[in-house]
Structures are given as C-alpha cells and as structure tokens.
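*Asks:* Next comes the structure file target-v2.cif, holding mmCIF, C-alpha atoms.
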```cif
data_work
#
loop_
_atom_site.label_atom_id
_atom_site.label_comp_id
_atom_site.auth_asym_id
_atom_site.auth_seq_id
_atom_site.Cartn_x
_atom_site.Cartn_y
_atom_site.Cartn_z
CA MET W 30 39.50 62.91 134.16
CA ARG W 31 42.93 62.45 135.69
CA TYR W 32 44.47 60.67 132.71
CA ASN W 33 44.15 61.18 128.96
CA PHE W 34 42.80 57.68 128.46
CA ARG W 35 39.93 55.61 129.75
CA PRO W 36 40.86 52.01 130.47
CA ASN W 37 38.66 49.27 129.12
CA THR W 38 37.65 47.15 132.13
CA ILE W 39 36.76 43.52 131.51
CA PHE W 40 35.37 41.29 134.25
CA VAL W 41 35.87 37.55 133.86
CA GLN W 42 33.96 35.04 135.96
CA GLN W 43 36.15 32.02 135.35
CA LYS W 44 38.29 30.65 138.17
CA ARG W 45 40.90 28.96 136.00
CA GLY W 46 42.42 30.13 132.75
CA PHE W 47 41.53 33.79 133.14
CA LEU W 48 45.07 34.79 132.11
CA LYS W 49 44.24 33.69 128.55
CA SER W 50 41.51 36.37 128.50
CA VAL W 51 44.01 38.92 129.81
CA VAL W 52 46.48 38.10 127.01
CA GLN W 53 43.76 38.15 124.33
CA SER W 54 42.70 41.60 125.58
CA ASN W 55 46.30 42.85 125.71
CA GLY W 56 45.53 43.72 129.31
CA TYR W 57 46.77 43.73 132.86
CA THR W 58 45.56 41.88 135.92
CA LEU W 59 46.13 41.85 139.67
CA PHE W 60 45.98 38.61 141.62
CA GLY W 61 47.69 36.93 144.52
CA VAL W 62 51.39 36.19 144.41
CA ILE W 63 51.09 32.66 145.82
CA PRO W 64 49.02 31.17 142.92
CA PHE W 65 51.33 32.92 140.45
CA LEU W 66 54.57 31.66 142.04
CA LEU W 67 53.19 28.13 142.37
CA HIS W 68 52.07 28.23 138.70
CA LYS W 69 48.46 27.54 139.64
CA GLU W 70 47.76 30.26 137.10
CA HIS W 71 50.24 30.55 134.26
CA HIS W 72 50.49 31.89 130.74
CA GLU W 73 53.77 32.15 128.82
CA ASP W 74 52.94 35.71 127.69
CA ILE W 75 52.30 37.05 131.21
CA ARG W 76 55.13 38.59 133.21
CA GLY W 77 54.63 38.79 136.95
CA TYR W 78 55.67 41.57 139.27
CA HIS W 79 55.86 41.27 143.02
CA ILE W 80 54.59 44.56 144.41
CA THR W 81 55.16 45.28 148.08
CA ASP W 82 52.99 48.40 148.28
CA ARG W 83 50.95 48.18 151.49
CA LYS W 84 47.77 49.21 149.69
CA LEU W 85 47.91 46.02 147.59
CA GLN W 86 48.55 43.60 150.46
CA ARG W 87 45.73 41.47 151.84
CA PRO W 88 45.33 41.62 155.60
CA TYR W 89 44.66 38.42 157.47
CA LEU W 90 42.31 38.62 160.40
CA ALA W 91 42.32 36.75 163.69
CA ALA W 92 39.28 37.38 165.86
CA VAL W 93 37.88 35.86 169.03
CA ALA W 94 34.17 35.45 169.72
CA THR W 95 32.76 36.24 173.15
CA LYS W 96 32.65 33.78 176.05
CA GLU W 97 28.88 33.73 175.71
CA GLN W 98 29.13 32.63 172.08
CA GLU W 99 31.91 30.06 172.45
CA GLY W 100 31.96 29.01 176.07
CA SER W 101 34.72 29.66 178.55
CA ALA W 102 37.11 26.86 177.48
CA HIS W 103 37.02 27.71 173.77
CA TYR W 104 37.26 31.44 174.51
CA ASP W 105 40.37 30.97 176.69
CA ALA W 106 42.06 28.78 174.05
CA ALA W 107 41.15 31.18 171.23
CA LEU W 108 42.47 34.14 173.21
CA LYS W 109 45.78 32.33 173.79
CA LEU W 110 46.05 31.63 170.06
CA LEU W 111 45.25 35.27 169.25
CA LEU W 112 47.89 36.51 171.69
CA PHE W 113 50.45 34.17 170.14
CA LEU W 114 49.58 35.17 166.55
CA THR W 115 49.99 38.86 167.39
CA SER W 116 53.17 38.37 169.43
CA PRO W 117 56.49 39.68 168.08
CA LYS W 118 57.79 36.07 167.88
CA ALA W 119 54.89 34.88 165.69
CA GLN W 120 54.98 38.03 163.55
CA GLU W 121 58.67 37.40 162.86
CA ILE W 122 57.90 33.80 161.85
CA ILE W 123 55.04 34.95 159.57
CA GLN W 124 57.26 37.48 157.79
CA LYS W 125 59.87 34.79 157.07
CA VAL W 126 57.45 32.41 155.29
CA ARG W 127 58.61 31.80 151.71
CA ILE W 128 57.96 29.40 148.86
CA PRO W 129 61.22 27.38 148.52
CA GLU W 130 61.64 28.13 144.80
CA HIS W 131 61.05 31.88 145.35
CA LYS W 132 62.77 32.74 148.62
CA GLU W 133 63.28 36.35 147.54
CA HIS W 134 59.51 37.05 147.73
CA GLN W 135 57.92 37.81 151.06
CA LEU W 136 54.38 36.40 151.10
CA PHE W 137 52.91 37.68 154.34
CA PHE W 138 53.37 41.06 155.96
CA SER W 139 53.01 41.87 159.62
CA VAL W 140 50.25 44.39 160.15
CA SER W 141 51.70 45.32 163.53
CA ASN W 142 54.93 46.59 161.94
CA PHE W 143 53.38 48.83 159.29
CA LYS W 144 54.02 52.53 159.43
CA GLU W 145 51.94 54.99 157.40
#
```
Show me the file's structure as structure tokens.

*Replies:*
Amino acid sequence: MRYNFRPNTIFVQQKRGFLKSVVQSNGYTLFGVIPFLLHKEHHEDIRGYHITDRKLQRPYLAAVATKEQEGSAHYDAALKLLLFLTSPKAQEIIQKVRIPEHKEHQLFFSVSNFKE
C-alpha cells in the first residue's frame, strides 16, 4: 500500500444534499465548480477549492456525424460549427467565460492549448 492509511469510501446516490453526508462522515468530495460557485450545492461546513490540475478537468466534446447519417446540409452546418468551436478565436472566448460573482475562477479550459 502506498500510504499508511486506507480511506473509507462512501458512495451516495442522492442528487441534492449529498454535502450533508460528506460533513457527517468528516469526509472530502470532488464535484464540479459551477454548482459549487452558484450555491446549487452548499453546506456551511464545506470549504471549496478550485483546482486547475488538468487531470481533474472535464473535457467537452464536439463531434460530427457522417454525411450518410445526417445528410449533406446538416453535415456541412455541423462541420462549420465544429471548425468554429475549435478555432483559436472560439477557444479564447471559451477560456474567458466566468460566473460574474467569481471572475477569478476559470470554468472551461481549452483542450487545444494543453501541454503535457
């Protein structure tokens, strides 16, 4: 074992109010920054940390079906949207998205700019 302790893992199936279970267990949790910053999930005894480690960031996917699946008109429009979303201009816009009350926290990260 890498560490001298074995964490007690608890899985909770509730969508709302799961932070109460975390506090009662004296535990830790990982969940998205947007619900936390918007107080969709809140508990006065929970302190949030905004972690920018690439391994903890969720990628967003944009994909285009084939012409055979979608037809020529839909395929051409979808391809234009995909090219825009992956363009440097759109990536810059995406990286600047912030919640007004928490402008210091970047919410979305450009996959095209990541370096290992």

*Asks:* Using all atoms listed in the file, determine which residues lie at most 9 Å from W:Val62, disregarding the query and same-chain residues fewer than 5 positions distant; provide the list as a short mmCIF file (atom, residue, chain, number, x, y, z; two decimals) with C-alpha atoms, keeping the file's coordinate frame.

*Replies:*
```
data_model
loop_
_atom_site.label_atom_id
_atom_site.label_comp_id
_atom_site.auth_asym_id
_atom_site.auth_seq_id
_atom_site.Cartn_x
_atom_site.Cartn_y
_atom_site.Cartn_z
CA LEU W 67 53.19 28.13 142.37
CA GLY W 77 54.63 38.79 136.95
CA TYR W 78 55.67 41.57 139.27
CA HIS W 79 55.86 41.27 143.02
CA ILE W 80 54.59 44.56 144.41
CA HIS W 134 59.51 37.05 147.73
CA LEU W 136 54.38 36.40 151.10
#
```

*Asks:* Just to confirm, what's the straight-line distance from atom CA of W:Leu112 to atom CA of W:Gln124 in Å (one decimal)?

*Replies:*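 About the pair atom CA of W:Leu112 and atom CA of W:Gln124: they are 16.8 Å apart.
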
*Asks:* When the PyMOL selection byres ((chain W and resi 51) around 12) is applied to the file above, which residues end up in the set, as a PyMOL selection string?

*Replies:* chain W and resi 37-41+43+46-50+52-60+70-76

*Asks:* In terms of the shortest atom-to-atom distance over all atoms listed in the file, which of W:Lys132, W:Gly61, W:Gln42, W:Lys125 is closest to W:Gln86?

*Replies:*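 Distance minimum relative to W:Gln86 lands on W:Gly61.
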
*Asks:* From the options W:Lys69, W:Phe137, W:Thr95, W:Gly100, which residue's atoms come nearest to W:Ala119, counting all atoms listed in the file?

*Replies:*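 Selected residue with least distance to W:Ala119: W:Phe137.
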
*Asks:* Build an axis-aligned box that encloses every atom of stretch 105-121 of chain W listed in the file, pad it by 6 Å on each side, and report its centre and edge lengths in Å to one decimal, as JSON.

*Replies:*
```
{"center_x": 49.5, "center_y": 34.2, "center_z": 169.8, "size_x": 30.3, "size_y": 22.9, "size_z": 25.8}
```

*Asks:* Nearest residue to W:Pro64 out of W:Phe138, W:Ile128, W:His103, W:Thr115, using only C-alpha atoms?

*Replies:*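 Nearest to W:Pro64: W:Ile128.
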
*Asks:* Can you measure atom CA of W:Gln120 to atom CA of W:Phe65 for me? One decimal in Å is fine.

*Replies:*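 Taking atom CA of W:Gln120 as the start and atom CA of W:Phe65 as the end point, the length is 23.9 Å.
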
*Asks:* Rounded to one decimal, what separation in Å do you get between atom CA of W:Val93 and atom CA of W:Leu108?

*Replies:* 6.4 Å

*Asks:* Give as a ChimeraX atom specification the residues that the PyMOL selection byres ((chain W and resi 91) around 8) matches when applied to the coordinates above.

*Replies:* /W:89-90,92-93,111,114

*Asks:* Would you please work out which residue, of W:His68, W:Ser116, W:Ala102, W:Lys109, is nearest to W:Arg45 when using all atoms listed in the file?

*Replies:*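 Nearest candidate to W:Arg45 out of W:His68, W:Ser116, W:Ala102, W:Lys109: W:His68.
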
*Asks:* W:Arg83, W:Phe113, W:Leu66, W:Ser101: which is nearest W:Glu133, counting all atoms listed in the file?

*Replies:* W:Leu66
